[in-house]
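Trainee: Submitted below is the structure of interest, expressed as structure tokens.
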Amino acid sequence: MSLVREKLARPLQSGEFEDLRGLVIDEQIELERASLPNVDFSGSTFNAPLVLREAVFGGLAWFTACTFNAPVNFSSVAFLSDARFDQCRFSRVASFSGAQFQGIACFDRSEFMDAAFLDHMTCYGNLSLDRTRFDGAASLQDSECFGGLWCNATVFAGRADTRGLEVHGRTWLVGAAIGEDTPAANRLLGSIRSYGYLWT
């Protein structure tokens with residue numbers, strides 16, 4: 001068993017976390033339906049697929065400033081605390097379809113270079129996409145954001161599917177752009193159901 005797999009197999013301990021920062025990971029990690037400890041992967045590079053379908057992060061899930069050079073699959077993962085994916089670079093397809101975030105879902109200043117599936121997600125905290133760039137197609141279809149949606153200067157360079165997206169709380173679309181269209185707030189608003197304050 002590799003060091004990474006060994007650390008991810010450890011039980012959740014309150015007040016402790018598995019330090020996996022700054023690693024270069026060349027092996028595929030596939031842990032479906034696993035219960036995962038507090039983990040900090042900040043600054044790590046993943047050169048092989050990361051598949052954590054239906055896993056449960058019982059505490060911290062920090063992936064700040066990670067580089068994903070292979071596909072990642074967080075479909076139907078439950079994040080029971082804040083999930084940090086800020087300043088990440090996703091070079092291949094990234095799927096968070098059906099994921100549940102009980103804390104903040106933070107993707108600030110991240111870049112999705114291929115298709116990004118953020119559809120059918122449930123975010124009990126804020127979904128934060130501050131200055132996030134989507135170069136490929138992006139889907140937020142049928143996601144629910146109970147703590148608001150923050151799309152400050154977010155760029156959707158390709159197709160953006162927000163059909164059925166519901167936002168309860170603040171919807172911030174200031175400076176958001178779709179392709180060469182700036183501002184894009186009116187195009188996004190046509191398919192977002194917002195039940196709180198709205199800034200465009």
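Following the order of the structure tokens, chains are lettered A, B, ..., residues in each are numbered from 1, and ligands are numbered from 1.
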Tell me, counting only C-alpha atoms, for each residue of region 79-148 of chain A within 9 Å of region 25-45 of chain A, which pair of atoms is nearest and how far apart they are in Å to one decimal, in rows ordered by chain and increasing number, as JSON lines.
Mentor:
```
{"residue": "A:Arg84", "atom": "CA", "partner": "A:Ser42", "partner_atom": "CA", "distance": 8.9}
{"residue": "A:Phe85", "atom": "CA", "partner": "A:Ser42", "partner_atom": "CA", "distance": 8.9}
{"residue": "A:Cys88", "atom": "CA", "partner": "A:Gly43", "partner_atom": "CA", "distance": 8.6}
```
Trainee: Could you find all residues in region 20-101 of chain A that DSSP calls strand (DSSP E or B) from the backbone, and write them as a compact mmCIF listing (two decimals) with N, CA and C atoms, in the first residue's frame?
Mentor:
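Contents of out28.txt, freshly written:
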```
# COMPACT_ATOMS: atom_id res chain seq x y z
N VAL A 24 4.00 14.80 -5.30
CA VAL A 24 3.79 14.48 -6.72
C VAL A 24 3.29 13.04 -6.75
N ILE A 25 2.05 12.85 -7.18
CA ILE A 25 1.39 11.55 -7.10
C ILE A 25 1.22 11.00 -8.51
N ILE A 29 -5.38 6.81 -7.81
CA ILE A 29 -6.01 6.60 -6.51
C ILE A 29 -7.50 6.41 -6.74
N GLU A 30 -8.00 5.26 -6.37
CA GLU A 30 -9.42 4.96 -6.55
C GLU A 30 -9.96 4.40 -5.24
N SER A 35 -14.60 6.14 3.74
CA SER A 35 -14.69 7.17 4.77
C SER A 35 -13.28 7.72 4.96
N LEU A 36 -13.11 9.01 4.72
CA LEU A 36 -11.78 9.58 4.67
C LEU A 36 -11.52 10.50 5.86
N VAL A 39 -7.84 15.71 5.55
CA VAL A 39 -6.68 15.64 4.67
C VAL A 39 -6.33 17.02 4.13
N ASP A 40 -5.04 17.25 3.99
CA ASP A 40 -4.54 18.48 3.37
C ASP A 40 -3.58 18.08 2.26
N THR A 45 0.55 17.62 -6.80
CA THR A 45 0.33 17.40 -8.23
C THR A 45 -0.10 15.97 -8.45
N PHE A 46 -1.24 15.81 -9.14
CA PHE A 46 -1.78 14.49 -9.43
C PHE A 46 -1.57 14.21 -10.92
N LEU A 50 -7.72 10.53 -10.17
CA LEU A 50 -8.15 10.49 -8.78
C LEU A 50 -9.64 10.21 -8.79
N VAL A 51 -10.04 9.07 -8.26
CA VAL A 51 -11.44 8.64 -8.30
C VAL A 51 -11.90 8.38 -6.86
N VAL A 56 -16.76 9.81 1.61
CA VAL A 56 -17.21 10.78 2.61
C VAL A 56 -15.98 11.38 3.28
N PHE A 57 -15.85 12.71 3.14
CA PHE A 57 -14.83 13.45 3.88
C PHE A 57 -15.49 13.92 5.17
N ALA A 61 -11.13 18.88 3.90
CA ALA A 61 -10.79 18.37 2.56
C ALA A 61 -10.14 19.54 1.83
N TRP A 62 -8.84 19.67 1.99
CA TRP A 62 -8.11 20.81 1.42
C TRP A 62 -7.25 20.36 0.25
N THR A 67 -2.51 20.71 -8.69
CA THR A 67 -2.52 20.56 -10.14
C THR A 67 -3.00 19.15 -10.45
N PHE A 68 -4.06 19.07 -11.24
CA PHE A 68 -4.62 17.77 -11.63
C PHE A 68 -4.35 17.58 -13.12
N VAL A 72 -10.34 13.81 -12.72
CA VAL A 72 -10.71 13.65 -11.31
C VAL A 72 -12.21 13.39 -11.24
N ASN A 73 -12.59 12.52 -10.30
CA ASN A 73 -13.99 12.17 -10.16
C ASN A 73 -14.37 12.20 -8.68
N ALA A 78 -19.52 13.20 -0.34
CA ALA A 78 -20.07 14.04 0.73
C ALA A 78 -18.92 14.72 1.46
N PHE A 79 -18.91 16.06 1.42
CA PHE A 79 -17.93 16.85 2.16
C PHE A 79 -18.65 17.40 3.40
N ALA A 83 -14.78 22.43 1.79
CA ALA A 83 -13.97 21.79 0.75
C ALA A 83 -13.21 22.88 0.01
N ARG A 84 -11.89 22.84 0.04
CA ARG A 84 -11.06 23.88 -0.54
C ARG A 84 -10.41 23.37 -1.83
N ARG A 89 -5.61 23.81 -10.71
CA ARG A 89 -5.57 23.72 -12.17
C ARG A 89 -6.02 22.31 -12.55
N PHE A 90 -7.18 22.24 -13.21
CA PHE A 90 -7.73 20.97 -13.65
C PHE A 90 -7.47 20.86 -15.16
N ALA A 94 -13.12 17.24 -14.95
CA ALA A 94 -13.33 17.26 -13.50
C ALA A 94 -14.81 17.08 -13.22
N SER A 95 -15.15 16.05 -12.46
CA SER A 95 -16.56 15.78 -12.15
C SER A 95 -16.81 15.86 -10.65
N GLN A 100 -22.13 16.62 -2.36
CA GLN A 100 -22.83 17.36 -1.31
C GLN A 100 -21.78 18.07 -0.45
N PHE A 101 -21.95 19.38 -0.33
CA PHE A 101 -21.02 20.20 0.45
C PHE A 101 -21.77 20.77 1.65
```
Trainee: CA of Ala65 (chain A) and CA of Asn126 (chain A) are how many Å apart?
Mentor: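 Here the two named atoms are 19.4 Å from each other.
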Trainee: Please provide the set of residues having any atom within 12 Å of Leu3 (chain A), restricted to only C-alpha atoms, with same-chain residues fewer than 2 positions apart removed, written as an mmCIF file with N, CA and C atoms, in the first residue's frame.
Mentor:
```cif
data_model
loop_
_atom_site.group_PDB
_atom_site.id
_atom_site.type_symbol
_atom_site.label_atom_id
_atom_site.label_comp_id
_atom_site.auth_asym_id
_atom_site.auth_seq_id
_atom_site.Cartn_x
_atom_site.Cartn_y
_atom_site.Cartn_z
ATOM 1 N N MET A 1 0.850 -1.185 0.000
ATOM 2 C CA MET A 1 0.000 0.000 0.000
ATOM 3 C C MET A 1 0.889 1.239 0.000
ATOM 4 N N ARG A 5 -2.271 6.074 0.042
ATOM 5 C CA ARG A 5 -3.394 5.174 0.355
ATOM 6 C C ARG A 5 -3.418 4.821 1.843
ATOM 7 N N GLU A 6 -2.252 4.623 2.424
ATOM 8 C CA GLU A 6 -2.166 4.290 3.847
ATOM 9 C C GLU A 6 -2.733 5.417 4.706
ATOM 10 N N LYS A 7 -2.382 6.655 4.371
ATOM 11 C CA LYS A 7 -2.875 7.791 5.151
ATOM 12 C C LYS A 7 -4.377 7.982 4.955
ATOM 13 N N LEU A 8 -4.862 7.765 3.727
ATOM 14 C CA LEU A 8 -6.290 7.927 3.475
ATOM 15 C C LEU A 8 -7.121 6.833 4.127
ATOM 16 N N ALA A 9 -6.500 5.721 4.467
ATOM 17 C CA ALA A 9 -7.215 4.614 5.097
ATOM 18 C C ALA A 9 -7.348 4.791 6.604
ATOM 19 N N ARG A 10 -6.665 5.788 7.157
ATOM 20 C CA ARG A 10 -6.723 5.997 8.602
ATOM 21 C C ARG A 10 -8.077 6.570 9.009
ATOM 22 N N GLU A 18 -4.184 14.474 8.042
ATOM 23 C CA GLU A 18 -3.131 13.777 7.310
ATOM 24 C C GLU A 18 -2.447 14.786 6.400
ATOM 25 N N ASP A 19 -1.163 14.989 6.631
ATOM 26 C CA ASP A 19 -0.384 15.983 5.891
ATOM 27 C C ASP A 19 0.135 15.365 4.597
ATOM 28 N N LEU A 20 -0.521 15.714 3.491
ATOM 29 C CA LEU A 20 -0.149 15.213 2.168
ATOM 30 C C LEU A 20 0.172 16.379 1.245
ATOM 31 N N LEU A 23 2.970 16.936 -2.550
ATOM 32 C CA LEU A 23 3.395 15.656 -3.117
ATOM 33 C C LEU A 23 3.229 15.641 -4.636
ATOM 34 N N VAL A 24 3.996 14.796 -5.303
ATOM 35 C CA VAL A 24 3.787 14.476 -6.715
ATOM 36 C C VAL A 24 3.291 13.039 -6.746
ATOM 37 N N ILE A 25 2.046 12.851 -7.180
ATOM 38 C CA ILE A 25 1.391 11.547 -7.102
ATOM 39 C C ILE A 25 1.224 10.998 -8.512
ATOM 40 N N GLU A 27 0.534 7.607 -9.145
ATOM 41 C CA GLU A 27 -0.313 6.408 -9.171
ATOM 42 C C GLU A 27 -1.784 6.798 -9.138
ATOM 43 N N ILE A 29 -5.383 6.813 -7.812
ATOM 44 C CA ILE A 29 -6.007 6.598 -6.505
ATOM 45 C C ILE A 29 -7.502 6.414 -6.736
#
```
Trainee: Leaving out His168 (chain A) and any residue of its chain fewer than 6 positions from it, which residues lie within 8 Å of it when counting only C-alpha atoms, given as a PDB file with C-alpha atoms, in the first residue's frame?
Mentor:
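The resulting file, selection_25.pdb, is shown below:
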```pdb
ATOM      1  CA  GLU A 144     -28.752  23.856  -5.313  1.00  0.00           C
ATOM      2  CA  CYS A 145     -26.852  26.541  -3.416  1.00  0.00           C
ATOM      3  CA  PHE A 146     -28.452  27.223  -0.045  1.00  0.00           C
ATOM      4  CA  GLY A 147     -25.674  29.561   1.086  1.00  0.00           C
ATOM      5  CA  GLY A 148     -25.461  31.646  -2.077  1.00  0.00           C
ATOM      6  CA  SER A 194     -32.524  33.055  -7.388  1.00  0.00           C
ATOM      7  CA  TYR A 195     -34.459  33.347  -4.117  1.00  0.00           C
ATOM      8  CA  GLY A 196     -32.301  35.977  -2.429  1.00  0.00           C
TER       9      GLY A 196
END
```
Trainee: Using only C-alpha atoms, which of A:Glu111, A:Asp82, A:Asp161, A:Asp142 sits nearest Leu127 (chain A)?
Mentor: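 Between A:Glu111, A:Asp82, A:Asp161, A:Asp142, the residue approaching Leu127 (chain A) most closely is A:Asp82.
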Trainee: Compile the contact shell of Leu149 (chain A) as a VMD selection string: residues with an atom at most 10 Å away, counting only C-alpha atoms, same-chain residues fewer than 4 positions apart removed.
Mentor: chain A and resid 105 123 125 to 130 144 to 145 166 to 173 194 198
Trainee: Kindly export the residues of the current selection with N, CA and C atoms, as a PDB file, in the first residue's frame.
Mentor:
```
ATOM      1  N   ALA A 105     -18.091  25.361  -0.574  1.00  0.00           N
ATOM      2  CA  ALA A 105     -17.467  24.726  -1.743  1.00  0.00           C
ATOM      3  C   ALA A 105     -16.665  25.816  -2.443  1.00  0.00           C
ATOM      4  N   CYS A 123     -25.110  22.442  -2.145  1.00  0.00           N
ATOM      5  CA  CYS A 123     -24.154  23.238  -1.379  1.00  0.00           C
ATOM      6  C   CYS A 123     -24.902  23.928  -0.244  1.00  0.00           C
ATOM      7  N   GLY A 125     -23.401  25.496   2.207  1.00  0.00           N
ATOM      8  CA  GLY A 125     -22.692  26.763   2.368  1.00  0.00           C
ATOM      9  C   GLY A 125     -22.639  27.448   1.017  1.00  0.00           C
ATOM     10  N   ASN A 126     -21.780  28.397   0.879  1.00  0.00           N
ATOM     11  CA  ASN A 126     -21.625  29.155  -0.356  1.00  0.00           C
ATOM     12  C   ASN A 126     -20.894  28.331  -1.415  1.00  0.00           C
ATOM     13  N   LEU A 127     -21.333  28.449  -2.685  1.00  0.00           N
ATOM     14  CA  LEU A 127     -20.543  27.943  -3.808  1.00  0.00           C
ATOM     15  C   LEU A 127     -19.756  29.135  -4.330  1.00  0.00           C
ATOM     16  N   SER A 128     -18.458  29.118  -4.132  1.00  0.00           N
ATOM     17  CA  SER A 128     -17.627  30.272  -4.458  1.00  0.00           C
ATOM     18  C   SER A 128     -16.763  29.991  -5.683  1.00  0.00           C
ATOM     19  N   LEU A 129     -16.996  30.799  -6.730  1.00  0.00           N
ATOM     20  CA  LEU A 129     -16.263  30.687  -7.995  1.00  0.00           C
ATOM     21  C   LEU A 129     -15.607  32.032  -8.324  1.00  0.00           C
ATOM     22  N   ASP A 130     -15.036  32.672  -7.319  1.00  0.00           N
ATOM     23  CA  ASP A 130     -14.429  33.987  -7.497  1.00  0.00           C
ATOM     24  C   ASP A 130     -13.227  33.912  -8.444  1.00  0.00           C
ATOM     25  N   GLU A 144     -28.077  23.003  -6.287  1.00  0.00           N
ATOM     26  CA  GLU A 144     -28.752  23.856  -5.313  1.00  0.00           C
ATOM     27  C   GLU A 144     -27.720  24.474  -4.393  1.00  0.00           C
ATOM     28  N   CYS A 145     -27.786  25.804  -4.266  1.00  0.00           N
ATOM     29  CA  CYS A 145     -26.852  26.541  -3.416  1.00  0.00           C
ATOM     30  C   CYS A 145     -27.649  27.236  -2.321  1.00  0.00           C
ATOM     31  N   GLU A 166     -30.530  26.482  -8.637  1.00  0.00           N
ATOM     32  CA  GLU A 166     -31.282  27.246  -7.640  1.00  0.00           C
ATOM     33  C   GLU A 166     -30.323  27.835  -6.622  1.00  0.00           C
ATOM     34  N   VAL A 167     -30.537  29.125  -6.323  1.00  0.00           N
ATOM     35  CA  VAL A 167     -29.692  29.808  -5.347  1.00  0.00           C
ATOM     36  C   VAL A 167     -30.580  30.414  -4.274  1.00  0.00           C
ATOM     37  N   HIS A 168     -30.376  29.991  -3.044  1.00  0.00           N
ATOM     38  CA  HIS A 168     -31.079  30.538  -1.885  1.00  0.00           C
ATOM     39  C   HIS A 168     -30.042  31.357  -1.120  1.00  0.00           C
ATOM     40  N   GLY A 169     -30.218  32.664  -1.107  1.00  0.00           N
ATOM     41  CA  GLY A 169     -29.205  33.534  -0.524  1.00  0.00           C
ATOM     42  C   GLY A 169     -28.663  34.448  -1.609  1.00  0.00           C
ATOM     43  N   ARG A 170     -27.489  34.964  -1.407  1.00  0.00           N
ATOM     44  CA  ARG A 170     -26.904  35.950  -2.305  1.00  0.00           C
ATOM     45  C   ARG A 170     -26.451  35.320  -3.624  1.00  0.00           C
ATOM     46  N   THR A 171     -26.841  35.960  -4.741  1.00  0.00           N
ATOM     47  CA  THR A 171     -26.330  35.598  -6.062  1.00  0.00           C
ATOM     48  C   THR A 171     -25.500  36.762  -6.573  1.00  0.00           C
ATOM     49  N   TRP A 172     -24.204  36.561  -6.714  1.00  0.00           N
ATOM     50  CA  TRP A 172     -23.274  37.618  -7.123  1.00  0.00           C
ATOM     51  C   TRP A 172     -22.694  37.246  -8.483  1.00  0.00           C
ATOM     52  N   LEU A 173     -23.038  38.056  -9.508  1.00  0.00           N
ATOM     53  CA  LEU A 173     -22.579  37.792 -10.871  1.00  0.00           C
ATOM     54  C   LEU A 173     -21.811  38.983 -11.439  1.00  0.00           C
ATOM     55  N   SER A 194     -33.132  32.408  -8.545  1.00  0.00           N
ATOM     56  CA  SER A 194     -32.524  33.055  -7.388  1.00  0.00           C
ATOM     57  C   SER A 194     -33.609  33.470  -6.415  1.00  0.00           C
ATOM     58  N   LEU A 198     -29.636  39.780  -5.319  1.00  0.00           N
ATOM     59  CA  LEU A 198     -28.964  39.567  -6.599  1.00  0.00           C
ATOM     60  C   LEU A 198     -28.134  40.776  -6.959  1.00  0.00           C
TER      61      LEU A 198
END
```
